[in-house]
Amino acid sequence: MAQTVCSTAPRAAWELPAEPSTVAAIRNGVREFARAHGASEALLMDVALAVTEAVTNAVVHAFVDREPGTVWTSIDAGPDELVVTVTDDGRGMQPRADSPGLGLGLPTIASLTRSMDMHPSPGGGTTITMAFAAPGVRGPARHAGHEAQLLEQVSRTVEGTWPGEGVERLVDLLVPELADACSLDVLDADGQPQRFAGRIDGPDGAAQSEWLATLQKRADAPASATRQAMEDGRVHVAELTREHIAGITRTEADAERMAATRIRWWVAVPLVADGRRLGLLGFGLRPPRGAPSPEQLELFQAVGERAARALLTTQLISDLRRTRRRFERILDVLGEAVTVQAADGRLVYANTAAARLLGVDSPEQLLATPATELAAAWEITDARGAEVGFQDLPAARLLAGEDAPPLLTRSLHRATGRVFWLLTKATLLDDGGERLAVNIIEDVTASR
Amino acid sequence: MDPAPEFSVTRRRVGATVVVAPAGEIDLATVDAVKREIEAAGEHVVLDLREVTFIDSAGLRLVLECSRAVPDFAVVPGPREVRRVFDLVGLGERVPMLDAPPDG
């Protein structure tokens, strides 16, 4: 039995003049392709009708007052789907009084497809992309190579940037490629999302983007996708109904502006790397794209993973830079005592002021002194006189995963009988391999 | 790629009624031929779509226009390719439908 291998290639494409007879030629070509890939009779009808409407649009709308140009059509078989794109090189979808379609064309396409997208094509003209649910059709996942390329771009874009210093390039990369809107939040020291970038596509995009880039949503609403994503570290979708918008915005004006974007679905993707929550990536979809499919959500999550990994690198560099600046400022100007403590309690760094404060001759000697010996040399109590153990000090608390507000202690140096009032602040530093706590110990004895 | 299938339109009189019967696919390229035959058919017209294998929104618009312009106008919707499109826009509620053209 003969088998025609080429008839089931995953892609077919046509380049034809934009004239009426082309409509039937493309319709029949697409129908043959869909039939060869096992599309049902009902689907063949839908694909034939939608493609006819799209190519007709290209033929009649795109060449007002000009010689007919070219229409490019392609059809791709994917897993349980068929995707058709129609591109013209005309002047796009201009309104035309003598349109033969009665305006039925686009609504017809929309009712036949799973999703449909129409946008200006790079060389001028218009591209319509139509995706049809096609159970049983087999083929490579859509844009598999393209997605890999996009994910690479995400990594490259985020690395080497710091929020506020170029991370808006990330949202520019994702809109309108993946979504109609995109936002980036980075968690601040209190774990609250702070908006760093926002972008909305469309004619009012510039003003809307500016609004989105500074929007502070209410993250306390129970239905908020952002809140849910922050809590369980998973991807969440919210439908932006009027009621939902009212629940997640702080002001009436914000609610109005959010509704005016016509964004219908909001996808919140937590940015998590190495178990560390860094922020949130938001994707907004308008009705033409349809509700996000499982495949779309997977892609959004993949983008989030790449962005988080790149952001982690970036954030660590920034942490280190900030810490070093802090060191330098303290050492050079204030002369405060600074120590860095490892997870096992061992001191790995101390400055001269720290050594002097703790009663040893040099930082080197301080680092060589076992923590137990150091602790035994002091009697430490809090402001109310209660004993403060080693595990209660801010650095130890941070390293144990607890919160650590600045701690005021009364420290009695047993050997000399001298009393110091010390204010200790600790900051956690995570270099990806070893967790460290930075202590800044201020001698406030003079002010007591 | 297959060439576009052949398209034709016939017109025949059955008593006072003229039956216009296109055969093939109705779209941008062929809809004007159908329109010309209907315009030449008079005031009692049946559009017989039983031999039509495809119709698009250009064809729908023609049917709607004729239902307004022709005093006595009815459609024989024919195969499911055509009925499917009519159902999409609810055309059956706006244009008289017949199961078959008048005998003759």
# chains A, B, ... in the order shown; residues from 1 in each chain; ligands from 1
>>> interface_residues(of="chain B", to="chain A", cutoff="12 Å", atoms="only C-alpha atoms", output="JSON, numbers by chain")
{"B": [1, 2, 3, 4, 5, 6, 7, 24, 25, 26, 27, 28, 29, 30, 31, 32, 53, 54, 55, 56, 57, 58, 59, 60, 61, 62, 63, 64, 65, 79, 80, 81, 82, 83, 84, 85, 86, 87, 88, 89]}
>>> residues_around(residues="A:Gly38", least_positions_apart="2", cutoff="9 Å", atoms="only C-alpha atoms", output="list in words")
Phe33, Ala34, Arg35, Ala36, Ser40, Ala134, Pro135, Gly136, Val137 and Arg138 of chain A
>>> closest_residue(among="B:Val34, B:Met97, B:Val52, B:Ala21", to="B:Val75", atoms="only C-alpha atoms")
B:Met97
>>> atom_distance(atom1="atom CA of A:Arg276", atom2="atom CA of A:Arg195")
18.2 Å
>>> residues_around(residues="B:Cys66", least_positions_apart="6", cutoff="12 Å", atoms="only C-alpha atoms", output="PyMOL selection string")
chain B and resi 34-47+59-60+72-75+94-96
>>> write_last_selection(atoms="C-alpha atoms", output="tab-separated table (two decimals), in the first residue's frame")
chain	number	residue	atom	x	y	z
B	34	VAL	CA	-25.04	34.17	-8.31
B	35	LYS	CA	-26.12	37.75	-7.67
B	36	ARG	CA	-26.49	38.47	-11.37
B	37	GLU	CA	-28.71	35.42	-11.89
B	38	ILE	CA	-30.97	36.35	-8.96
B	39	GLU	CA	-31.28	39.95	-10.15
B	40	ALA	CA	-32.36	38.67	-13.55
B	41	ALA	CA	-34.89	36.24	-12.08
B	42	GLY	CA	-37.75	38.59	-11.16
B	43	GLU	CA	-39.95	38.78	-8.04
B	44	HIS	CA	-40.50	35.11	-7.17
B	45	VAL	CA	-37.15	33.44	-6.56
B	46	VAL	CA	-35.96	30.23	-4.92
B	47	LEU	CA	-32.21	29.97	-4.32
B	59	GLY	CA	-22.67	34.36	0.28
B	60	LEU	CA	-24.55	35.05	3.51
B	72	ASP	CA	-40.97	36.49	-2.70
B	73	PHE	CA	-37.66	34.86	-1.84
B	74	ALA	CA	-36.83	31.49	-0.31
B	75	VAL	CA	-33.75	29.33	0.10
B	94	ARG	CA	-34.66	35.74	8.98
B	95	VAL	CA	-35.02	34.05	5.57
B	96	PRO	CA	-37.73	31.57	4.51
>>> residues_around(residues="B:Asp103", least_positions_apart="4", cutoff="12 Å", atoms="only C-alpha atoms", output="list in words")
Arg12, Arg13, Val14, Gly15, Ala16, Thr17, Val18, Val19, Val46 and Asp99 of chain B
>>> write_last_selection(atoms="C-alpha atoms", output="mmCIF file, in the first residue's frame")
data_model
loop_
_atom_site.group_PDB
_atom_site.id
_atom_site.type_symbol
_atom_site.label_atom_id
_atom_site.label_comp_id
_atom_site.auth_asym_id
_atom_site.auth_seq_id
_atom_site.Cartn_x
_atom_site.Cartn_y
_atom_site.Cartn_z
ATOM 1 C CA ARG B 12 -34.958 27.713 -14.572
ATOM 2 C CA ARG B 13 -38.629 28.720 -14.420
ATOM 3 C CA VAL B 14 -41.204 26.626 -12.550
ATOM 4 C CA GLY B 15 -44.594 28.291 -13.008
ATOM 5 C CA ALA B 16 -44.336 31.800 -11.560
ATOM 6 C CA THR B 17 -41.139 31.009 -9.674
ATOM 7 C CA VAL B 18 -37.569 31.151 -10.919
ATOM 8 C CA VAL B 19 -35.153 28.665 -9.356
ATOM 9 C CA VAL B 46 -35.965 30.235 -4.923
ATOM 10 C CA ASP B 99 -36.732 21.566 1.931
#
>>> closest_residue(among="A:Asp254, A:Glu379, A:Asp76, A:Glu152", to="A:Ala9", atoms="only C-alpha atoms")
A:Asp76
>>> atom_distance(atom1="atom CA of A:Asp204", atom2="atom CA of A:Gly279")
26.9 Å
>>> select_by_dssp(residues="stretch 50-267 of chain A", states="strand (DSSP E)", output="ChimeraX atom specification")
/A:70-78,81-88,115-120,126-133,181-187,193-200,236-239,265-267
>>> write_last_selection(atoms="N, CA and C atoms", output="compact mmCIF listing (two decimals), in the first residue's frame")
# COMPACT_ATOMS: atom_id res chain seq x y z
N THR A 70 0.51 40.40 -2.22
CA THR A 70 0.69 38.97 -1.98
C THR A 70 0.01 38.57 -0.68
N VAL A 71 -0.51 37.36 -0.64
CA VAL A 71 -1.04 36.79 0.59
C VAL A 71 -0.23 35.55 0.92
N TRP A 72 0.30 35.51 2.14
CA TRP A 72 1.02 34.33 2.60
C TRP A 72 0.13 33.58 3.59
N THR A 73 0.00 32.29 3.38
CA THR A 73 -0.81 31.49 4.29
C THR A 73 0.02 30.28 4.73
N SER A 74 -0.08 29.95 6.00
CA SER A 74 0.58 28.73 6.46
C SER A 74 -0.36 27.99 7.38
N ILE A 75 -0.20 26.68 7.40
CA ILE A 75 -0.97 25.87 8.37
C ILE A 75 0.01 24.91 9.03
N ASP A 76 -0.09 24.83 10.35
CA ASP A 76 0.78 23.94 11.12
C ASP A 76 -0.08 22.98 11.92
N ALA A 77 0.35 21.71 11.91
CA ALA A 77 -0.30 20.72 12.77
C ALA A 77 0.47 20.65 14.08
N GLY A 78 -0.24 20.73 15.19
CA GLY A 78 0.38 20.62 16.51
C GLY A 78 -0.36 19.57 17.29
N GLU A 81 -4.10 20.33 17.74
CA GLU A 81 -4.50 21.65 17.22
C GLU A 81 -3.98 21.87 15.81
N LEU A 82 -4.66 22.77 15.12
CA LEU A 82 -4.21 23.26 13.83
C LEU A 82 -4.10 24.77 13.95
N VAL A 83 -3.01 25.33 13.43
CA VAL A 83 -2.82 26.77 13.51
C VAL A 83 -2.61 27.32 12.11
N VAL A 84 -3.44 28.29 11.75
CA VAL A 84 -3.36 28.90 10.43
C VAL A 84 -2.97 30.37 10.60
N THR A 85 -2.01 30.84 9.82
CA THR A 85 -1.73 32.27 9.80
C THR A 85 -1.93 32.78 8.38
N VAL A 86 -2.51 33.95 8.30
CA VAL A 86 -2.70 34.62 7.01
C VAL A 86 -2.09 36.00 7.12
N THR A 87 -1.14 36.31 6.23
CA THR A 87 -0.46 37.60 6.28
C THR A 87 -0.56 38.27 4.91
N ASP A 88 -0.83 39.56 4.91
CA ASP A 88 -0.81 40.29 3.65
C ASP A 88 0.25 41.38 3.72
N SER A 115 -8.64 30.26 19.48
CA SER A 115 -8.13 31.60 19.74
C SER A 115 -7.79 32.25 18.42
N MET A 116 -7.83 33.56 18.41
CA MET A 116 -7.57 34.29 17.19
C MET A 116 -6.87 35.58 17.56
N ASP A 117 -5.92 35.95 16.72
CA ASP A 117 -5.14 37.15 17.01
C ASP A 117 -4.89 37.88 15.70
N MET A 118 -5.07 39.18 15.72
CA MET A 118 -4.82 39.95 14.51
C MET A 118 -3.91 41.11 14.89
N HIS A 119 -2.80 41.25 14.21
CA HIS A 119 -1.91 42.36 14.54
C HIS A 119 -1.12 42.78 13.31
N PRO A 120 -0.57 44.01 13.33
CA PRO A 120 0.21 44.46 12.18
C PRO A 120 1.40 43.53 11.98
N THR A 126 -1.11 43.02 7.61
CA THR A 126 -1.77 42.44 8.77
C THR A 126 -1.53 40.94 8.82
N THR A 127 -1.39 40.41 10.02
CA THR A 127 -1.32 38.96 10.21
C THR A 127 -2.48 38.52 11.08
N ILE A 128 -3.20 37.52 10.61
CA ILE A 128 -4.24 36.89 11.43
C ILE A 128 -3.76 35.49 11.77
N THR A 129 -3.74 35.16 13.04
CA THR A 129 -3.38 33.81 13.49
C THR A 129 -4.61 33.17 14.09
N MET A 130 -4.93 31.97 13.61
CA MET A 130 -6.14 31.28 14.09
C MET A 130 -5.75 29.90 14.57
N ALA A 131 -6.13 29.57 15.78
CA ALA A 131 -5.85 28.24 16.31
C ALA A 131 -7.16 27.48 16.48
N PHE A 132 -7.18 26.25 15.98
CA PHE A 132 -8.37 25.41 16.05
C PHE A 132 -8.10 24.21 16.95
N ALA A 133 -9.05 23.92 17.84
CA ALA A 133 -8.95 22.67 18.60
C ALA A 133 -9.16 21.53 17.63
N ALA A 181 -0.48 42.47 28.36
CA ALA A 181 0.09 43.29 29.44
C ALA A 181 1.03 42.43 30.26
N CYS A 182 2.00 43.08 30.88
CA CYS A 182 2.94 42.34 31.70
C CYS A 182 3.44 43.27 32.80
N SER A 183 3.60 42.73 34.00
CA SER A 183 4.13 43.54 35.09
C SER A 183 5.16 42.73 35.86
N LEU A 184 6.09 43.45 36.48
CA LEU A 184 7.09 42.78 37.32
C LEU A 184 7.10 43.42 38.69
N ASP A 185 6.94 42.58 39.71
CA ASP A 185 7.06 43.04 41.09
C ASP A 185 8.25 42.34 41.73
N VAL A 186 8.97 43.06 42.56
CA VAL A 186 10.04 42.46 43.33
C VAL A 186 9.68 42.62 44.80
N LEU A 187 9.85 41.55 45.58
CA LEU A 187 9.49 41.62 46.99
C LEU A 187 10.51 42.48 47.72
N PRO A 193 5.17 42.96 47.64
CA PRO A 193 5.53 43.18 46.23
C PRO A 193 5.62 44.67 45.90
N GLN A 194 6.71 45.05 45.28
CA GLN A 194 6.87 46.43 44.81
C GLN A 194 6.96 46.40 43.29
N ARG A 195 6.13 47.22 42.64
CA ARG A 195 6.08 47.23 41.18
C ARG A 195 7.33 47.87 40.61
N PHE A 196 7.99 47.18 39.70
CA PHE A 196 9.20 47.72 39.07
C PHE A 196 9.02 48.02 37.60
N ALA A 197 8.10 47.32 36.94
CA ALA A 197 7.93 47.55 35.51
C ALA A 197 6.54 47.11 35.10
N GLY A 198 6.00 47.79 34.09
CA GLY A 198 4.70 47.42 33.57
C GLY A 198 4.59 47.84 32.13
N ARG A 199 3.87 47.05 31.35
CA ARG A 199 3.72 47.39 29.94
C ARG A 199 2.36 46.88 29.50
N ILE A 200 1.61 47.75 28.80
CA ILE A 200 0.33 47.36 28.24
C ILE A 200 0.35 47.70 26.76
N HIS A 236 -1.39 31.47 39.40
CA HIS A 236 -2.83 31.67 39.60
C HIS A 236 -3.40 32.58 38.53
N VAL A 237 -4.67 32.31 38.19
CA VAL A 237 -5.35 33.10 37.18
C VAL A 237 -6.58 33.75 37.80
N ALA A 238 -6.79 35.03 37.52
CA ALA A 238 -8.00 35.70 37.98
C ALA A 238 -8.72 36.28 36.76
N GLU A 239 -10.04 36.21 36.77
CA GLU A 239 -10.81 36.86 35.72
C GLU A 239 -11.17 38.25 36.24
N TRP A 265 -8.13 38.56 31.67
CA TRP A 265 -7.55 37.55 32.56
C TRP A 265 -6.19 38.03 33.03
N TRP A 266 -5.91 37.82 34.31
CA TRP A 266 -4.62 38.17 34.87
C TRP A 266 -3.98 36.91 35.43
N VAL A 267 -2.75 36.65 35.01
CA VAL A 267 -2.03 35.47 35.46
C VAL A 267 -0.88 35.93 36.34
>>> closest_residue(among="A:Leu436, A:Leu423, A:Leu428, A:Ala386", to="A:Gly345", atoms="only C-alpha atoms")
A:Leu436
>>> closest_residue(among="A:Ala206, A:Ala355, A:Glu147, A:Arg309", to="A:Leu367", atoms="only C-alpha atoms")
A:Ala355
